[in-house]
$ cat my_file-v3.txt   # compact mmCIF, C-alpha atoms and all ligand atoms
# COMPACT_ATOMS: atom_id res chain seq x y z
CA MET S 1162 100.68 -13.34 -82.53
CA SER S 1163 97.34 -11.76 -82.78
CA LYS S 1164 94.98 -10.45 -80.15
CA LEU S 1165 91.31 -10.62 -80.76
CA ASN S 1166 89.12 -7.69 -81.38
CA ARG S 1167 86.00 -9.80 -80.96
CA PRO S 1168 82.95 -9.08 -83.09
CA ARG S 1169 79.49 -9.23 -81.52
CA PRO S 1170 79.51 -12.33 -79.31
CA SER S 1171 76.24 -13.52 -80.76
CA THR S 1172 77.80 -14.21 -84.17
CA SER S 1173 78.11 -17.95 -84.78
CA PRO S 1174 81.63 -19.37 -85.23
CA VAL S 1175 80.44 -20.73 -88.57
CA THR S 1176 79.68 -17.24 -89.82
CA ARG S 1177 82.91 -15.85 -88.36
CA ALA S 1178 85.03 -18.45 -90.11
CA VAL S 1179 83.27 -17.93 -93.45
CA ARG S 1180 83.53 -14.13 -93.24
CA ALA S 1181 86.96 -13.71 -91.56
CA GLY S 1182 88.64 -10.54 -92.81
CA LEU S 1183 85.99 -9.64 -95.37
CA GLY S 1184 86.19 -5.95 -96.24
CA ALA S 1185 89.69 -5.57 -94.74
CA ASP S 1186 91.01 -3.97 -97.95
CA SER S 1187 90.28 -0.23 -97.80
CA THR S 1188 92.52 0.57 -100.82
CA HIS S 1189 90.60 -1.36 -103.50
CA ARG S 1190 87.55 -2.47 -101.49
CA ALA S 1191 88.21 -6.12 -102.41
CA VAL S 1192 85.62 -8.39 -100.81
CA MET S 1193 88.15 -11.07 -99.87
CA PRO S 1194 91.18 -9.93 -97.84
CA PRO S 1195 94.40 -9.57 -99.84
CA ILE S 1196 97.50 -11.67 -99.20
CA HIS S 1197 100.54 -9.81 -97.87
CA LEU S 1198 103.71 -11.57 -98.95
CA SER S 1199 106.02 -8.66 -98.15
CA THR S 1200 108.78 -9.58 -95.71
CA ASN S 1201 109.23 -5.98 -94.51
CA PHE S 1202 107.19 -2.84 -93.85
CA PHE S 1203 108.04 0.92 -94.07
CA PHE S 1204 109.16 2.72 -90.95
CA ASP S 1205 107.86 6.32 -90.55
CA ALA S 1206 111.14 7.43 -88.99
CA PRO S 1207 114.12 5.64 -87.43
CA GLY S 1208 112.69 3.35 -84.79
CA VAL S 1209 109.08 4.33 -85.59
CA CYS S 1210 106.94 1.76 -87.37
CA GLY S 1211 103.27 0.84 -87.64
CA THR S 1212 101.75 -2.49 -86.54
CA TYR S 1213 104.20 -4.43 -88.71
CA ASP S 1214 107.93 -4.29 -89.24
CA TYR S 1215 109.16 -7.77 -90.30
CA THR S 1216 107.15 -10.83 -91.35
CA ARG S 1217 108.86 -13.38 -89.11
CA THR S 1218 107.58 -11.36 -86.14
CA ALA S 1219 104.14 -10.45 -87.48
CA ASN S 1220 102.31 -10.40 -90.79
CA PRO S 1221 98.74 -9.24 -91.59
CA THR S 1222 97.77 -12.40 -93.50
CA ARG S 1223 99.13 -14.73 -90.81
CA ASP S 1224 97.50 -12.62 -88.08
CA LEU S 1225 94.11 -12.98 -89.75
CA ALA S 1226 94.55 -16.78 -89.88
CA ALA S 1227 95.61 -16.77 -86.20
CA GLU S 1228 92.63 -14.66 -85.13
CA THR S 1229 90.25 -16.97 -86.98
CA ILE S 1230 91.69 -20.09 -85.33
CA ALA S 1231 91.62 -18.42 -81.89
CA GLU S 1232 87.95 -17.53 -82.37
CA LEU S 1233 87.10 -21.09 -83.43
CA GLU S 1234 88.83 -22.52 -80.33
CA GLY S 1235 87.52 -19.81 -77.99
CA GLY S 1236 91.06 -18.68 -77.07
CA CYS S 1237 92.39 -15.20 -76.42
CA GLY S 1238 94.81 -15.43 -79.35
CA ALA S 1239 97.03 -17.77 -81.34
CA VAL S 1240 100.29 -18.13 -83.22
CA VAL S 1241 100.44 -19.77 -86.64
CA THR S 1242 103.55 -21.87 -87.17
CA SER S 1243 105.37 -23.60 -90.01
CA SER S 1244 104.14 -27.10 -89.06
CA GLY S 1245 102.28 -28.98 -86.37
CA MET S 1246 105.62 -30.13 -84.98
CA SER S 1247 106.92 -26.56 -84.69
CA ALA S 1248 103.71 -25.65 -82.82
CA ILE S 1249 104.46 -28.53 -80.43
CA ALA S 1250 108.08 -27.38 -80.10
CA VAL S 1251 106.84 -23.86 -79.23
CA ALA S 1252 104.37 -25.15 -76.61
CA THR S 1253 107.08 -27.25 -74.93
CA ARG S 1254 109.44 -24.21 -74.77
CA LEU S 1255 107.41 -23.31 -71.69
CA LEU S 1256 109.26 -26.13 -69.89
CA SER S 1257 112.62 -25.54 -68.19
CA ALA S 1258 115.42 -27.98 -67.39
CA GLY S 1259 114.23 -30.39 -64.71
CA ASP S 1260 110.52 -29.81 -65.42
CA LEU S 1261 108.46 -32.94 -66.01
CA LEU S 1262 106.20 -33.38 -69.04
CA LEU S 1263 103.49 -36.06 -68.76
CA ALA S 1264 102.50 -37.30 -72.21
CA PRO S 1265 100.32 -40.14 -73.48
CA ARG S 1266 102.03 -43.38 -74.44
CA ASP S 1267 100.18 -43.36 -77.75
CA CYS S 1268 100.68 -39.70 -78.66
CA TYR S 1269 101.49 -38.67 -82.23
CA GLY S 1270 104.74 -40.34 -83.36
CA GLY S 1271 106.47 -37.03 -84.11
CA SER S 1272 105.58 -35.74 -80.63
CA TYR S 1273 106.89 -38.97 -79.07
CA ARG S 1274 110.17 -38.58 -80.99
CA LEU S 1275 110.61 -34.90 -80.04
CA PHE S 1276 109.70 -35.38 -76.35
CA SER S 1277 112.05 -38.38 -76.05
CA ALA S 1278 114.95 -36.64 -77.78
CA GLU S 1279 114.58 -33.45 -75.71
CA SER S 1280 114.34 -35.52 -72.56
CA ASN S 1281 117.49 -37.49 -73.52
CA ARG S 1282 119.47 -34.28 -73.89
CA GLY S 1283 118.10 -32.81 -70.65
CA THR S 1284 115.92 -30.00 -72.05
CA TYR S 1285 113.14 -31.31 -69.79
CA ARG S 1286 112.04 -34.67 -68.42
CA VAL S 1287 109.26 -36.74 -69.95
CA ARG S 1288 107.17 -39.61 -68.68
CA PHE S 1289 104.73 -41.47 -70.89
CA ILE S 1290 101.51 -42.63 -69.23
CA SER S 1291 98.11 -44.13 -70.11
CA PRO S 1292 95.74 -41.19 -69.57
CA TRP S 1293 92.63 -43.24 -70.33
CA ASP S 1294 93.38 -45.34 -67.24
CA PRO S 1295 91.68 -43.55 -64.27
CA GLU S 1296 94.54 -44.51 -61.94
CA SER S 1297 96.91 -42.33 -63.93
CA LEU S 1298 95.14 -39.19 -62.60
CA GLU S 1299 96.34 -40.03 -59.09
CA LEU S 1300 99.82 -40.85 -60.41
CA ALA S 1301 99.91 -37.41 -62.06
CA ARG S 1302 99.15 -35.68 -58.76
CA GLN S 1303 102.07 -37.51 -57.15
CA LEU S 1304 104.53 -36.83 -59.98
CA ARG S 1305 103.74 -33.08 -60.02
CA PRO S 1306 104.53 -32.44 -63.70
CA ARG S 1307 104.92 -28.90 -65.05
CA MET S 1308 103.00 -29.80 -68.21
CA ILE S 1309 100.29 -32.33 -69.01
CA TRP S 1310 99.91 -33.28 -72.66
CA ILE S 1311 96.55 -34.53 -73.92
CA GLU S 1312 95.76 -35.96 -77.32
CA THR S 1313 92.18 -37.09 -77.76
CA PRO S 1314 91.08 -39.10 -79.68
CA SER S 1315 94.43 -40.87 -79.92
CA ASN S 1316 96.06 -42.50 -82.88
CA PRO S 1317 95.28 -45.13 -84.16
CA HIS S 1318 92.83 -46.60 -81.58
CA LEU S 1319 90.89 -43.34 -81.05
CA ARG S 1320 91.11 -43.70 -77.28
CA ILE S 1321 89.39 -40.87 -75.43
CA THR S 1322 90.99 -38.82 -72.66
CA ASP S 1323 88.77 -36.91 -70.21
CA ILE S 1324 89.91 -33.30 -70.81
CA ALA S 1325 88.02 -31.79 -67.85
CA ALA S 1326 89.46 -34.36 -65.41
CA TRP S 1327 93.04 -33.78 -66.58
CA ALA S 1328 92.65 -30.00 -66.71
CA ALA S 1329 91.40 -30.12 -63.10
CA VAL S 1330 94.50 -32.06 -62.01
CA ALA S 1331 96.69 -29.57 -63.89
CA ARG S 1332 94.97 -26.67 -62.12
CA ASP S 1333 95.39 -28.28 -58.70
CA ILE S 1334 99.12 -28.87 -59.10
CA GLY S 1335 99.88 -25.70 -61.09
CA ALA S 1336 100.70 -27.48 -64.35
CA ILE S 1337 100.04 -26.24 -67.88
CA CYS S 1338 97.49 -28.41 -69.68
CA VAL S 1339 98.03 -28.69 -73.44
CA ALA S 1340 95.60 -30.44 -75.79
CA ASP S 1341 96.52 -31.56 -79.30
CA ASN S 1342 93.14 -31.11 -81.01
CA THR S 1343 94.26 -32.11 -84.50
CA PHE S 1344 92.03 -35.21 -84.80
CA LEU S 1345 88.75 -33.40 -84.23
CA SER S 1346 89.20 -29.66 -84.99
CA PRO S 1347 87.29 -26.99 -83.03
CA VAL S 1348 84.11 -27.95 -84.85
CA ASN S 1349 84.00 -31.20 -82.88
CA GLN S 1350 85.88 -30.35 -79.67
CA ARG S 1351 87.01 -27.18 -77.88
CA PRO S 1352 89.46 -28.19 -75.12
CA LEU S 1353 89.79 -24.64 -73.69
CA GLU S 1354 86.13 -24.83 -72.62
CA PHE S 1355 87.07 -27.85 -70.47
CA GLY S 1356 89.97 -26.06 -68.80
CA ALA S 1357 92.98 -26.68 -71.09
CA ASP S 1358 95.49 -23.80 -71.19
CA LEU S 1359 96.83 -24.31 -74.69
CA VAL S 1360 95.51 -26.03 -77.79
CA VAL S 1361 97.87 -27.15 -80.55
CA HIS S 1362 96.99 -28.29 -84.04
CA SER S 1363 98.62 -29.62 -87.06
CA THR S 1364 96.65 -27.29 -89.38
CA THR S 1365 97.97 -29.58 -92.11
CA LYS S 1366 94.95 -31.75 -91.29
CA PHE S 1367 91.33 -30.55 -90.87
CA LEU S 1368 91.88 -26.79 -90.50
CA ASN S 1369 93.49 -26.37 -93.92
CA GLY S 1370 91.68 -29.49 -95.02
CA HIS S 1371 92.95 -29.82 -98.58
CA SER S 1372 96.25 -31.68 -98.06
CA ASP S 1373 98.28 -28.90 -99.68
CA VAL S 1374 99.81 -26.99 -96.72
CA VAL S 1375 101.96 -28.17 -93.81
CA GLY S 1376 101.28 -25.86 -90.88
CA GLY S 1377 100.47 -25.59 -87.19
CA THR S 1378 99.04 -23.38 -84.50
CA VAL S 1379 99.15 -22.84 -80.74
CA VAL S 1380 96.04 -21.22 -79.24
CA ALA S 1381 96.31 -19.68 -75.76
CA ALA S 1382 93.61 -19.38 -73.12
CA ASP S 1383 95.10 -16.21 -71.61
CA GLU S 1384 97.27 -13.20 -72.44
CA ASP S 1385 100.34 -14.28 -70.46
CA LEU S 1386 100.59 -17.63 -72.24
CA LEU S 1387 99.91 -15.93 -75.59
CA GLU S 1388 102.78 -13.53 -75.02
CA GLU S 1389 105.15 -16.37 -74.16
CA ILE S 1390 104.29 -18.54 -77.15
CA ALA S 1391 104.47 -15.52 -79.50
CA TRP S 1392 107.90 -14.67 -78.08
CA TRP S 1393 109.20 -18.20 -78.70
CA THR S 1394 107.64 -18.43 -82.17
CA ASN S 1395 109.50 -15.29 -83.22
CA ALA S 1396 112.72 -16.21 -81.41
CA MET S 1397 112.83 -19.69 -82.93
CA GLY S 1398 111.76 -18.38 -86.34
CA VAL S 1399 109.02 -20.98 -86.83
CA SER S 1400 106.15 -18.66 -87.77
CA GLY S 1401 104.03 -19.78 -90.73
CA ALA S 1402 104.58 -18.42 -94.24
CA PRO S 1403 102.02 -15.81 -95.42
CA PHE S 1404 101.07 -17.90 -98.45
CA ASP S 1405 100.48 -21.00 -96.27
CA SER S 1406 98.50 -18.86 -93.81
CA TYR S 1407 96.37 -17.57 -96.68
CA LEU S 1408 95.54 -21.07 -97.90
CA THR S 1409 94.79 -22.23 -94.35
CA LEU S 1410 92.46 -19.27 -93.82
CA ARG S 1411 90.76 -20.14 -97.11
CA GLY S 1412 90.42 -23.74 -95.92
CA MET S 1413 88.90 -22.69 -92.61
CA ARG S 1414 86.07 -20.83 -94.35
CA THR S 1415 84.63 -24.23 -95.32
CA LEU S 1416 85.65 -26.13 -92.17
CA HIS S 1417 82.13 -26.42 -90.75
CA ALA S 1418 80.58 -27.39 -94.08
CA ARG S 1419 83.30 -29.96 -94.76
CA SER S 1420 83.03 -31.40 -91.25
CA ARG S 1421 79.34 -32.17 -91.71
CA VAL S 1422 80.05 -34.29 -94.79
CA HIS S 1423 83.15 -35.91 -93.23
CA GLU S 1424 81.05 -37.01 -90.27
CA ALA S 1425 78.01 -38.21 -92.23
CA ASN S 1426 80.27 -40.32 -94.47
CA ALA S 1427 82.25 -41.64 -91.50
CA LEU S 1428 79.13 -42.77 -89.61
CA ARG S 1429 77.89 -44.72 -92.62
CA ILE S 1430 81.29 -46.37 -92.97
CA VAL S 1431 81.45 -47.24 -89.25
CA ASP S 1432 78.12 -48.99 -89.69
CA LEU S 1433 79.29 -50.81 -92.82
CA LEU S 1434 82.50 -52.01 -91.13
CA ASP S 1435 80.65 -52.99 -87.97
CA ARG S 1436 78.43 -55.35 -90.00
CA SER S 1437 81.27 -56.93 -91.96
CA ASP S 1438 82.19 -60.55 -91.23
CA ILE S 1439 85.87 -60.00 -91.89
CA VAL S 1440 86.17 -57.02 -89.58
CA THR S 1441 86.90 -58.22 -86.06
CA ARG S 1442 86.88 -54.77 -84.41
CA VAL S 1443 85.93 -51.22 -85.28
CA HIS S 1444 87.40 -48.32 -83.30
CA HIS S 1445 85.23 -45.19 -83.37
CA PRO S 1446 83.96 -43.17 -80.41
CA SER S 1447 80.42 -43.12 -81.85
CA LEU S 1448 80.06 -46.85 -81.12
CA PRO S 1449 78.35 -47.47 -77.74
CA ASN S 1450 80.84 -50.27 -77.00
CA HIS S 1451 83.83 -47.94 -77.51
CA PRO S 1452 85.46 -47.55 -74.05
CA GLY S 1453 85.52 -43.74 -74.36
CA HIS S 1454 81.99 -43.36 -75.75
CA ASP S 1455 80.47 -41.64 -72.70
CA ILE S 1456 83.33 -39.19 -72.24
CA ALA S 1457 83.31 -38.42 -75.97
CA ARG S 1458 79.58 -37.76 -75.75
CA ARG S 1459 80.27 -35.25 -72.95
CA GLN S 1460 83.21 -33.37 -74.40
CA GLN S 1461 82.82 -33.67 -78.16
CA THR S 1462 80.34 -31.87 -80.38
CA GLY S 1463 80.98 -34.32 -83.22
CA TRP S 1464 82.35 -37.86 -83.58
CA GLY S 1465 85.10 -37.15 -86.07
CA SER S 1466 85.96 -38.90 -89.30
CA LEU S 1467 88.95 -41.05 -88.36
CA VAL S 1468 87.99 -44.71 -88.15
CA SER S 1469 90.25 -47.66 -87.50
CA PHE S 1470 89.42 -51.35 -87.75
CA GLU S 1471 91.00 -54.77 -87.58
CA LEU S 1472 90.80 -57.38 -90.30
CA ARG S 1473 90.71 -61.09 -89.65
CA GLY S 1474 93.54 -62.71 -91.57
CA ALA S 1475 95.98 -59.90 -90.72
CA ARG S 1476 98.53 -59.11 -93.43
CA VAL S 1477 97.07 -61.27 -96.19
CA ALA S 1478 93.70 -59.59 -95.72
CA VAL S 1479 95.26 -56.12 -95.50
CA ASP S 1480 97.17 -56.58 -98.76
CA ALA S 1481 94.03 -57.77 -100.53
CA PHE S 1482 92.03 -54.88 -99.05
CA VAL S 1483 94.35 -52.12 -100.26
CA ASP S 1484 95.04 -53.80 -103.60
CA GLY S 1485 93.15 -51.80 -106.20
CA ILE S 1486 91.18 -49.71 -103.72
CA GLU S 1487 89.93 -46.81 -105.78
CA HIS S 1488 88.65 -43.95 -103.62
CA PHE S 1489 90.95 -44.30 -100.59
CA ALA S 1490 94.53 -43.25 -101.27
CA LEU S 1491 97.12 -45.42 -99.49
CA ALA S 1492 98.89 -42.53 -97.76
CA GLU S 1493 99.69 -41.02 -94.39
CA SER S 1494 98.12 -37.85 -92.97
CA LEU S 1495 94.42 -37.16 -92.46
CA GLY S 1496 91.73 -34.52 -92.44
CA GLY S 1497 91.78 -33.59 -96.13
CA VAL S 1498 88.81 -33.66 -98.50
CA GLU S 1499 90.14 -36.91 -99.98
CA SER S 1500 89.68 -40.28 -98.31
CA LEU S 1501 92.81 -42.08 -97.16
CA VAL S 1502 93.74 -45.49 -95.86
CA THR S 1503 96.83 -46.03 -93.69
CA HIS S 1504 98.42 -49.26 -92.49
CA PRO S 1505 99.92 -48.22 -89.12
CA TRP S 1506 102.11 -51.36 -88.85
CA THR S 1507 104.16 -50.49 -91.96
CA MET S 1508 103.50 -46.75 -92.23
CA THR S 1509 102.74 -44.30 -89.38
CA HIS S 1510 104.04 -46.57 -86.61
CA ALA S 1511 106.83 -48.40 -88.45
CA SER S 1512 109.49 -46.58 -86.41
CA MET S 1513 108.28 -48.34 -83.23
CA ASP S 1514 109.95 -51.72 -82.80
CA GLU S 1515 107.74 -54.78 -83.20
CA PRO S 1516 107.21 -55.59 -79.49
CA ALA S 1517 106.33 -51.92 -78.83
CA ARG S 1518 103.79 -51.94 -81.67
CA LEU S 1519 102.21 -55.13 -80.38
CA ALA S 1520 102.17 -53.79 -76.81
CA ALA S 1521 100.39 -50.68 -78.11
CA GLY S 1522 97.75 -52.92 -79.71
CA ILE S 1523 98.90 -52.18 -83.24
CA GLY S 1524 98.77 -55.44 -85.13
CA GLU S 1525 99.35 -56.24 -88.77
CA GLY S 1526 95.62 -56.40 -89.42
CA LEU S 1527 94.89 -52.84 -88.28
CA LEU S 1528 93.90 -50.17 -90.83
CA ARG S 1529 92.99 -46.53 -90.31
CA LEU S 1530 90.71 -44.54 -92.57
CA SER S 1531 90.50 -40.79 -92.88
CA VAL S 1532 87.05 -40.48 -94.38
CA GLY S 1533 86.80 -37.69 -96.94
CA ILE S 1534 83.90 -35.80 -98.44
CA GLU S 1535 83.39 -37.81 -101.65
CA ALA S 1536 79.94 -39.23 -102.45
CA SER S 1537 79.21 -41.77 -99.72
CA GLU S 1538 77.86 -44.35 -102.19
CA ASP S 1539 81.22 -44.39 -103.98
CA LEU S 1540 83.13 -44.84 -100.73
CA GLU S 1541 80.79 -47.57 -99.52
CA ALA S 1542 80.89 -49.50 -102.79
CA ASP S 1543 84.69 -49.27 -102.80
CA LEU S 1544 84.91 -50.55 -99.22
CA ASN S 1545 82.49 -53.38 -99.89
CA ARG S 1546 84.63 -54.53 -102.82
CA ALA S 1547 87.84 -54.24 -100.74
CA LEU S 1548 86.29 -56.18 -97.83
CA ALA S 1549 85.15 -58.90 -100.22
CA ARG S 1550 88.70 -59.20 -101.59
CA ALA S 1551 90.08 -59.34 -98.03
CA GLN S 1552 87.56 -62.00 -97.11
CA ALA S 1553 88.39 -64.13 -100.13
CA ALA S 1554 92.10 -63.82 -99.36
CA ALA S 1555 91.68 -64.69 -95.70
CA GLY S 1556 89.79 -67.88 -96.46
CA ALA S 1557 86.72 -66.61 -94.68
CA THR S 1558 85.60 -69.84 -93.12
CA ARG S 1559 84.16 -68.29 -89.99
CA GLY S 1560 82.55 -65.43 -91.89
CA ALA S 1561 80.98 -67.81 -94.37
CA ALA S 1562 79.58 -69.90 -91.55
CA ALA S 1563 78.12 -66.83 -89.88
CA ARG S 1564 76.63 -65.64 -93.15
CA THR S 1565 75.08 -69.02 -93.90
CA ALA S 1566 73.53 -68.99 -90.44
CA ARG S 1567 72.18 -65.47 -91.00
CA GLU S 1568 70.81 -66.36 -94.43
CA ALA S 1569 69.17 -69.47 -93.01
CA ALA S 1570 67.60 -67.35 -90.27
CA ALA S 1571 66.42 -64.80 -92.84
CA ALA S 1572 64.95 -67.59 -94.97
CA VAL S 1573 63.04 -68.92 -91.98
CA THR S 1574 61.70 -65.45 -91.20
CA ALA S 1575 60.66 -64.98 -94.82
CA GLN S 1576 58.65 -68.20 -94.89
C1 LIG M 1 100.15 -34.58 -88.11
C2 LIG M 1 100.07 -34.41 -86.65
C3 LIG M 1 101.03 -33.67 -85.96
C4 LIG M 1 102.24 -33.07 -86.63
O1 LIG M 1 101.92 -32.07 -87.55
P1 LIG M 1 102.78 -31.70 -88.85
O2 LIG M 1 101.97 -30.62 -89.47
O3 LIG M 1 102.90 -32.93 -89.67
O4 LIG M 1 104.11 -31.22 -88.36
C5 LIG M 1 100.88 -33.52 -84.58
N1 LIG M 1 99.84 -34.09 -83.93
C6 LIG M 1 98.92 -34.82 -84.56
C7 LIG M 1 97.80 -35.43 -83.77
C8 LIG M 1 99.00 -35.02 -85.93
O5 LIG M 1 98.08 -35.77 -86.55
$ encode --input "my_file-v3.txt" --output "structure tokens"
Amino acid sequence: MSKLNRPRPSTSPVTRAVRAGLGADSTHRAVMPPIHLSTNFFFDAPGVCGTYDYTRTANPTRDLAAETIAELEGGCGAVVTSSGMSAIAVATRLLSAGDLLLAPRDCYGGSYRLFSAESNRGTYRVRFISPWDPESLELARQLRPRMIWIETPSNPHLRITDIAAWAAVARDIGAICVADNTFLSPVNQRPLEFGADLVVHSTTKFLNGHSDVVGGTVVAADEDLLEEIAWWTNAMGVSGAPFDSYLTLRGMRTLHARSRVHEANALRIVDLLDRSDIVTRVHHPSLPNHPGHDIARRQQTGWGSLVSFELRGARVAVDAFVDGIEHFALAESLGGVESLVTHPWTMTHASMDEPARLAAGIGEGLLRLSVGIEASEDLEADLNRALARAQAAAGATRGAAARTAREAAAAVTAQ
């Protein structure tokens, strides 16, 4: 746990992230803060120690990472944990037996698995709902949950949940409102400003941003919650390793700069996909026809770089698309500098049975991209080639007809 000793409030979060901990080393006057791997710290006398005694409980390197994340999210403090899932486990420790957790039907698969398993063994109760459906707000008031879980945008359809509306319900009924902000990062969305009580992240994704650390965080809006989550993090022994914390801190120094390129590349790709004949649907909150567009415009400060889309021709088209794709690695995860393509049907959502996948709108033709920070012309050329392969494989009769019509129209205009 780390409490904030806030610098001048006028300093931009960009500057704070870049300069976190600079000049902290008074011994050698190193510009960048050192890494403290030591598991233990000297006591002055029996029972008398300084700020630190044992690294599971607190560590200077991890504290600096936690302070930086808390500043970015506008929280009063944070814990840094060993993974996103351990951060989620810590947040849900605030529930007691009998308490009800309301969680989105399409929440992260690992969260779904944990919530269901804990509910089955009676740790707490869980009910999965559709938070994007306005009627579910009224249902929540009636069910009187102890905790409301938000994940926006959701995976893989990037559905948007109205954070302010849900936080207001939570406040009215005395529930704790938790937002998983992994998909956007604090650069693009700060749920605490809309009334959430806790923010969790898989720092594995955008915050570290280089796909080389698994980690997590819980950020608290107030001191009481911070104390509780710090207590559980220490008691459960899920605090993040100093080396991982160091790399995550290093990653966060470039978070704002990376996010700009992620977003610029993603918007170009959304446009490219939206124009493609073989793409039947593009899911991205920047699109005016996206059902959550207006809410996203209100609560987000950026559109994010996760994009999903559906290919006509389903599996045949998908196989042709990913075959030989050069700049998008066929892999799970997201938020790193490198572009990725995921096939939810066989990868991230394979543990759901087939009817459940179909009910959730996850068909065989759905693909999700995590758009990286490579040169956009390389990504676009790669996608154009992959879409052409998919189109050839799918037969492309309708697309060809549409294209012929467009070309004919263009020829008429040119004359
Ligand atoms: C990856 C992810 C998690 C889990 O984080 P790990 O670091 O893999 O444990 C939780 N929520 C979301 C939205 C994620 O994308």
$ atom_distance --input "my_file-v3.txt" --atom1 "CA of Asn1220 in chain S" --atom2 "CA of Ala1191 in chain S"
18.8 Å
$ closest_residue --input "my_file-v3.txt" --among "S:Gly1497, S:Gly1401, S:Pro1347, S:Gly1184" --to "Trp1464 in chain S" --atoms "only C-alpha atoms"
S:Pro1347
$ closest_residue --input "my_file-v3.txt" --among "S:Asn1426, S:Asn1349, S:Ser1363, S:Ser1537" --to "Arg1459 in chain S" --atoms "only C-alpha atoms"
S:Asn1349
$ residues_near_ligand --input "my_file-v3.txt" --ligand "ligand LIG 1 (chain M)" --cutoff "7 Å" --atoms "only C-alpha atoms and all ligand atoms" --output "PyMOL selection string"
chain S and resi 1244-1247+1269+1271-1272+1312+1341-1344+1362-1366+1375-1377+1494
$ residues_around --input "my_file-v3.txt" --residues "Leu1225 in chain S" --least-positions-apart "6" --cutoff "12 Å" --atoms "only C-alpha atoms" --output "ChimeraX atom specification"
/S:1162-1166,1177-1178,1180-1183,1185,1193-1197,1219,1231-1232,1238-1241,1403,1406-1411,1413
$ atom_distance --input "my_file-v3.txt" --atom1 "CA of Val1330 in chain S" --atom2 "CA of Leu1467 in chain S"
28.4 Å
$ closest_residue --input "my_file-v3.txt" --among "S:Asp1294, S:Glu1234, S:Asp1260, S:Asp1267" --to "Arg1351 in chain S" --atoms "all atoms listed in the file"
S:Glu1234
$ atom_distance --input "my_file-v3.txt" --atom1 "CA of Thr1503 in chain S" --atom2 "CA of Phe1404 in chain S"
28.8 Å
$ residues_around --input "my_file-v3.txt" --residues "Arg1473 in chain S" --least-positions-apart "2" --cutoff "8 Å" --atoms "all atoms listed in the file" --output "list in words"
Ile1439, Val1440, Thr1441, Glu1471, Ala1475, Ala1478, Gly1526 and Ala1555 of chain S
